[in-house]
Amino acid sequence: MEKEYHIGLKKGDVGRYVLLPGDPARTEIIAKHFENAREMGFTREYRTFTGTVDGIKVSTTSTGIGCPSTAIAIEELAKIGADTFIRVGTAGSLQKEVKLGDVVISTGAVREEGTTRQYVPLSYPAVADLDVTQALVEAAKKLGFPHHTGIVHCKDAFYTEGAKDLPLAEHNEEMWKAWYRSNVLATSMESSALFVVSSIKRLRAGEVLAIIGLTYADQPIEKKVGITEAIKIAIEAVKILEKGR
């Protein structure tokens with residue numbers, strides 16, 4: 001059976017539920033929450049483990065950084081049987097009430113990146129699946145973890161945050177102010193592709209983000225906190241979704 005070119009996987013290698021961190025090392029951390037986890041492949045930025053959670057076949061695949069590699073992962077995973085994706089990522093806060101270690105459950109994303117523009121016009125919204133989002137919120141409440149729900153921001157260039165020496169520094173600063181005033185909760189680099197590609201392909205997708213930086217204060221990476229909570233929320237959401245089938 002032929003394997004998908006980038007992720008190096010074939011039908012049967014993954015479950016219908018796939019948790020998507022960016023970092024390949026985080027797939028191993030996530031897999032420790034599975035039963036009978038087994039590494040299925042590691043090629044380029046795509047590392048995959050598959051196991052079970054309460055008898056449900058679940059996988060985790062890293063996407064690497066940014067929308068281009070995320071879109072590839074979703075496209076290829078869908079071809080081999082996955083239909084429900086939960087991104088388990090990290091982000092920088094854009095609002096003072098969103099603290100380090102808090103969790104953000106995304107309802108939609110600002111499409112300030114280039115990948116999804118090659119799929120569909122910018123007037124098409126990047127929106128999370130309602131069932132997946134509701135399951136994530138229910139899971140966060142059940143587990144008692146501090147969380148926020150709302151719109152997030154998605155970008156291509158990490159080092160434009162707070163940079164004063166770039167040609168577009170003034171423009172970028174004005175845009176960050178605009179997102180702050182628009183009540184955008186956090187910024188990361190994968191959500192637009194996750195939501196847009198999944199919507200177009202009739203797949204389900206949601207996102208839970210651990211806040212590790214304070215972008216509004218020019219501190220995009222402060223401390224890696226909240227990641228364990230985000231993982232537990234995602235896994236609990238899978239259980240909730242499976243019960244609802």
# chains A, B, ... in the order shown; residues from 1 in each chain; ligands from 1
$ residues_around --residues "region 75-92 of chain A" --least-positions-apart "2" --cutoff "8 Å" --atoms "only C-alpha atoms" --output "JSON, numbers by chain"
{"A": [4, 6, 7, 9, 10, 11, 12, 13, 14, 15, 16, 17, 18, 19, 20, 21, 22, 71, 72, 73, 94, 132, 186, 187, 188, 191, 194, 197, 203, 204, 205, 206, 207, 208, 209, 210, 211, 212, 213, 214, 215, 220, 221, 227, 230, 231, 234]}
$ write_last_selection --atoms "C-alpha atoms" --output "compact mmCIF listing (two decimals), in the first residue's frame"
# COMPACT_ATOMS: atom_id res chain seq x y z
CA GLU A 4 1.60 9.55 1.58
CA HIS A 6 5.27 13.91 3.14
CA ILE A 7 3.97 12.22 6.27
CA LEU A 9 1.98 6.99 6.39
CA LYS A 10 -0.66 4.77 4.80
CA LYS A 11 -4.27 3.80 5.50
CA GLY A 12 -4.57 2.02 8.82
CA ASP A 13 -1.65 3.89 10.39
CA VAL A 14 -3.81 6.55 12.07
CA GLY A 15 -7.17 6.82 13.80
CA ARG A 16 -9.98 9.10 12.74
CA TYR A 17 -8.99 11.44 15.60
CA VAL A 18 -5.61 13.15 15.29
CA LEU A 19 -4.04 15.58 17.76
CA LEU A 20 -1.75 18.06 16.00
CA PRO A 21 1.12 19.72 17.88
CA GLY A 22 3.73 21.68 15.96
CA ALA A 71 -2.09 22.19 5.37
CA ILE A 72 0.00 19.33 3.97
CA ALA A 73 -0.48 17.29 7.15
CA LEU A 94 -2.90 39.45 22.97
CA VAL A 132 -15.20 19.92 18.32
CA ALA A 186 -3.86 35.09 21.14
CA THR A 187 -1.51 34.66 18.20
CA SER A 188 0.13 31.57 16.72
CA SER A 191 -4.89 27.82 13.00
CA LEU A 194 -6.34 23.99 10.19
CA VAL A 197 -8.59 23.30 4.83
CA LEU A 203 -13.47 17.56 8.01
CA ARG A 204 -13.86 18.56 11.66
CA ALA A 205 -11.23 20.69 13.38
CA GLY A 206 -10.72 22.48 16.66
CA GLU A 207 -7.83 24.03 18.54
CA VAL A 208 -6.63 24.31 22.12
CA LEU A 209 -3.65 26.57 22.83
CA ALA A 210 -1.39 26.86 25.85
CA ILE A 211 -0.38 30.45 26.50
CA ILE A 212 3.42 30.55 26.82
CA GLY A 213 4.05 34.20 25.95
CA LEU A 214 2.68 37.72 26.34
CA THR A 215 2.80 39.16 22.84
CA PRO A 220 6.31 36.29 22.74
CA ILE A 221 7.94 33.41 24.63
CA ILE A 227 0.86 22.41 27.66
CA ALA A 230 -4.04 21.53 26.75
CA ILE A 231 -3.16 17.91 26.01
CA ALA A 234 -7.82 17.53 23.82
$ residues_around --residues "region 43-57 of chain A" --least-positions-apart "2" --cutoff "8 Å" --atoms "only C-alpha atoms" --output "compact mmCIF listing (two decimals) with C-alpha atoms, in the first residue's frame"
# COMPACT_ATOMS: atom_id res chain seq x y z
CA HIS A 6 5.27 13.91 3.14
CA ILE A 7 3.97 12.22 6.27
CA GLY A 8 5.17 8.73 5.27
CA ASP A 13 -1.65 3.89 10.39
CA VAL A 14 -3.81 6.55 12.07
CA GLY A 15 -7.17 6.82 13.80
CA ARG A 16 -9.98 9.10 12.74
CA TYR A 17 -8.99 11.44 15.60
CA ASP A 23 6.79 20.22 17.68
CA PRO A 24 7.73 16.60 16.82
CA THR A 27 3.97 13.98 19.86
CA GLU A 28 5.95 11.71 22.16
CA ALA A 31 1.52 9.63 23.14
CA HIS A 33 -1.38 9.71 27.46
CA PHE A 34 -2.40 6.91 25.04
CA GLU A 35 -2.60 3.21 25.73
CA ASN A 36 -0.41 0.95 23.58
CA ALA A 37 1.12 3.89 21.74
CA ARG A 38 3.42 3.08 18.84
CA GLU A 39 5.52 5.37 16.65
CA MET A 40 4.22 5.02 13.11
CA GLY A 41 6.57 7.33 11.26
CA SER A 59 -3.14 9.44 16.69
CA THR A 60 -0.89 12.44 17.11
CA THR A 61 1.07 13.98 14.22
CA SER A 62 3.38 16.99 14.41
CA THR A 63 2.86 19.64 11.74
CA GLY A 64 6.04 21.66 12.06
CA ALA A 73 -0.48 17.29 7.15
CA ILE A 235 -7.88 13.89 24.91
CA LYS A 239 -13.82 10.91 24.48
CA GLU A 242 -16.82 9.63 20.42
$ closest_residue --among "A:Ala126, A:Ala135, A:Val103, A:Ala25" --to "Glu190 (chain A)" --atoms "only C-alpha atoms"
A:Ala126
$ closest_residue --among "A:Ala193, A:Val98, A:Ala128, A:Ala109" --to "His148 (chain A)" --atoms "only C-alpha atoms"
A:Val98
$ select_by_dssp --residues "region 54-237 of chain A" --states "strand (DSSP E)" --output "ChimeraX atom specification"
/A:56-61,84-93,103-112,126-127,147-155,186-188,204-214
$ closest_residue --among "A:Ile29, A:Lys3, A:Thr70, A:Val127" --to "Ser199 (chain A)" --atoms "only C-alpha atoms"
A:Val127
$ select_by_dssp --residues "region 52-99 of chain A" --states "helix (DSSP H, G or I)" --output "ChimeraX atom specification"
/A:67-79
$ write_last_selection --atoms "N, CA and C atoms" --output "PDB file, in the first residue's frame"
ATOM      1  N   CYS A  67       1.548  27.519   8.523  1.00  0.00           N
ATOM      2  CA  CYS A  67       0.403  27.022   7.764  1.00  0.00           C
ATOM      3  C   CYS A  67       0.752  26.103   6.589  1.00  0.00           C
ATOM      4  N   PRO A  68       1.844  26.330   5.851  1.00  0.00           N
ATOM      5  CA  PRO A  68       2.111  25.439   4.713  1.00  0.00           C
ATOM      6  C   PRO A  68       2.236  23.973   5.118  1.00  0.00           C
ATOM      7  N   SER A  69       3.045  23.693   6.138  1.00  0.00           N
ATOM      8  CA  SER A  69       3.234  22.301   6.556  1.00  0.00           C
ATOM      9  C   SER A  69       1.997  21.751   7.254  1.00  0.00           C
ATOM     10  N   THR A  70       1.231  22.620   7.910  1.00  0.00           N
ATOM     11  CA  THR A  70      -0.013  22.184   8.547  1.00  0.00           C
ATOM     12  C   THR A  70      -1.033  21.753   7.498  1.00  0.00           C
ATOM     13  N   ALA A  71      -1.159  22.530   6.437  1.00  0.00           N
ATOM     14  CA  ALA A  71      -2.093  22.186   5.366  1.00  0.00           C
ATOM     15  C   ALA A  71      -1.735  20.845   4.737  1.00  0.00           C
ATOM     16  N   ILE A  72      -0.443  20.606   4.528  1.00  0.00           N
ATOM     17  CA  ILE A  72       0.003  19.326   3.966  1.00  0.00           C
ATOM     18  C   ILE A  72      -0.381  18.171   4.886  1.00  0.00           C
ATOM     19  N   ALA A  73      -0.149  18.346   6.189  1.00  0.00           N
ATOM     20  CA  ALA A  73      -0.480  17.286   7.147  1.00  0.00           C
ATOM     21  C   ALA A  73      -1.962  16.948   7.099  1.00  0.00           C
ATOM     22  N   ILE A  74      -2.820  17.951   7.091  1.00  0.00           N
ATOM     23  CA  ILE A  74      -4.266  17.705   7.080  1.00  0.00           C
ATOM     24  C   ILE A  74      -4.687  17.017   5.788  1.00  0.00           C
ATOM     25  N   GLU A  75      -4.186  17.512   4.664  1.00  0.00           N
ATOM     26  CA  GLU A  75      -4.517  16.911   3.364  1.00  0.00           C
ATOM     27  C   GLU A  75      -4.164  15.428   3.341  1.00  0.00           C
ATOM     28  N   GLU A  76      -2.948  15.095   3.779  1.00  0.00           N
ATOM     29  CA  GLU A  76      -2.489  13.716   3.668  1.00  0.00           C
ATOM     30  C   GLU A  76      -3.101  12.808   4.731  1.00  0.00           C
ATOM     31  N   LEU A  77      -3.285  13.329   5.940  1.00  0.00           N
ATOM     32  CA  LEU A  77      -3.929  12.525   6.986  1.00  0.00           C
ATOM     33  C   LEU A  77      -5.374  12.196   6.614  1.00  0.00           C
ATOM     34  N   ALA A  78      -6.049  13.157   5.986  1.00  0.00           N
ATOM     35  CA  ALA A  78      -7.432  12.909   5.564  1.00  0.00           C
ATOM     36  C   ALA A  78      -7.500  11.802   4.512  1.00  0.00           C
ATOM     37  N   LYS A  79      -6.501  11.732   3.665  1.00  0.00           N
ATOM     38  CA  LYS A  79      -6.478  10.706   2.613  1.00  0.00           C
ATOM     39  C   LYS A  79      -6.358   9.295   3.189  1.00  0.00           C
TER      40      LYS A  79
END
$ closest_residue --among "A:Leu122, A:Leu168, A:Leu100, A:Val137" --to "Lys223 (chain A)" --atoms "only C-alpha atoms"
A:Leu100
$ closest_residue --among "A:Asp102, A:Asp129, A:Glu173, A:Glu113" --to "Ala217 (chain A)" --atoms "only C-alpha atoms"
A:Glu173
$ atom_distance --atom1 "CA of Ser198 (chain A)" --atom2 "CA of Glu236 (chain A)"
21.0 Å
$ closest_residue --among "A:Asn183, A:Ser192, A:Asp131, A:His153" --to "Gly114 (chain A)" --atoms "only C-alpha atoms"
A:Ser192
$ atom_distance --atom1 "CA of Leu185 (chain A)" --atom2 "CA of Arg111 (chain A)"
14.1 Å
$ atom_distance --atom1 "CA of Ala157 (chain A)" --atom2 "CA of Phe42 (chain A)"
25.5 Å
$ decode --residues "region 163-224 of chain A" --atoms "C-alpha atoms" --output "short mmCIF file (atom, residue, chain, number, x, y, z; two decimals), in the first residue's frame"
data_model
loop_
_atom_site.label_atom_id
_atom_site.label_comp_id
_atom_site.auth_asym_id
_atom_site.auth_seq_id
_atom_site.Cartn_x
_atom_site.Cartn_y
_atom_site.Cartn_z
CA ALA A 163 10.53 44.12 15.95
CA LYS A 164 11.41 47.81 15.64
CA ASP A 165 14.01 47.59 12.85
CA LEU A 166 11.89 46.15 10.03
CA PRO A 167 10.64 48.11 7.00
CA LEU A 168 7.03 47.51 8.09
CA ALA A 169 7.62 48.05 11.82
CA GLU A 170 5.14 50.92 12.14
CA HIS A 171 2.50 49.08 10.15
CA ASN A 172 2.96 45.92 12.20
CA GLU A 173 2.65 47.84 15.45
CA GLU A 174 -0.63 49.38 14.27
CA MET A 175 -1.96 45.95 13.30
CA TRP A 176 -1.12 44.47 16.73
CA LYS A 177 -3.05 47.35 18.29
CA ALA A 178 -5.97 46.61 15.99
CA TRP A 179 -6.09 42.95 16.98
CA TYR A 180 -5.89 43.93 20.66
CA ARG A 181 -8.79 46.35 20.23
CA SER A 182 -10.73 43.69 18.33
CA ASN A 183 -10.57 41.34 21.33
CA VAL A 184 -8.42 38.77 19.51
CA LEU A 185 -7.20 36.48 22.30
CA ALA A 186 -3.86 35.09 21.14
CA THR A 187 -1.51 34.66 18.20
CA SER A 188 0.13 31.57 16.72
CA MET A 189 0.97 30.21 13.27
CA GLU A 190 -1.20 27.25 12.25
CA SER A 191 -4.89 27.82 13.00
CA SER A 192 -5.98 29.35 9.67
CA ALA A 193 -4.81 26.36 7.66
CA LEU A 194 -6.34 23.99 10.19
CA PHE A 195 -9.76 25.60 9.96
CA VAL A 196 -9.91 26.55 6.28
CA VAL A 197 -8.59 23.30 4.83
CA SER A 198 -10.77 21.24 7.16
CA SER A 199 -13.88 23.24 6.27
CA ILE A 200 -13.26 22.92 2.54
CA LYS A 201 -12.60 19.17 2.83
CA ARG A 202 -15.65 18.58 5.09
CA LEU A 203 -13.47 17.56 8.01
CA ARG A 204 -13.86 18.56 11.66
CA ALA A 205 -11.23 20.69 13.38
CA GLY A 206 -10.72 22.48 16.66
CA GLU A 207 -7.83 24.03 18.54
CA VAL A 208 -6.63 24.31 22.12
CA LEU A 209 -3.65 26.57 22.83
CA ALA A 210 -1.39 26.86 25.85
CA ILE A 211 -0.38 30.45 26.50
CA ILE A 212 3.42 30.55 26.82
CA GLY A 213 4.05 34.20 25.95
CA LEU A 214 2.68 37.72 26.34
CA THR A 215 2.80 39.16 22.84
CA TYR A 216 0.91 42.29 23.88
CA ALA A 217 3.88 43.08 26.15
CA ASP A 218 6.55 42.22 23.53
CA GLN A 219 7.29 38.94 25.33
CA PRO A 220 6.31 36.29 22.74
CA ILE A 221 7.94 33.41 24.63
CA GLU A 222 8.08 33.56 28.42
CA LYS A 223 7.58 30.12 29.89
CA LYS A 224 6.36 26.74 28.59
#
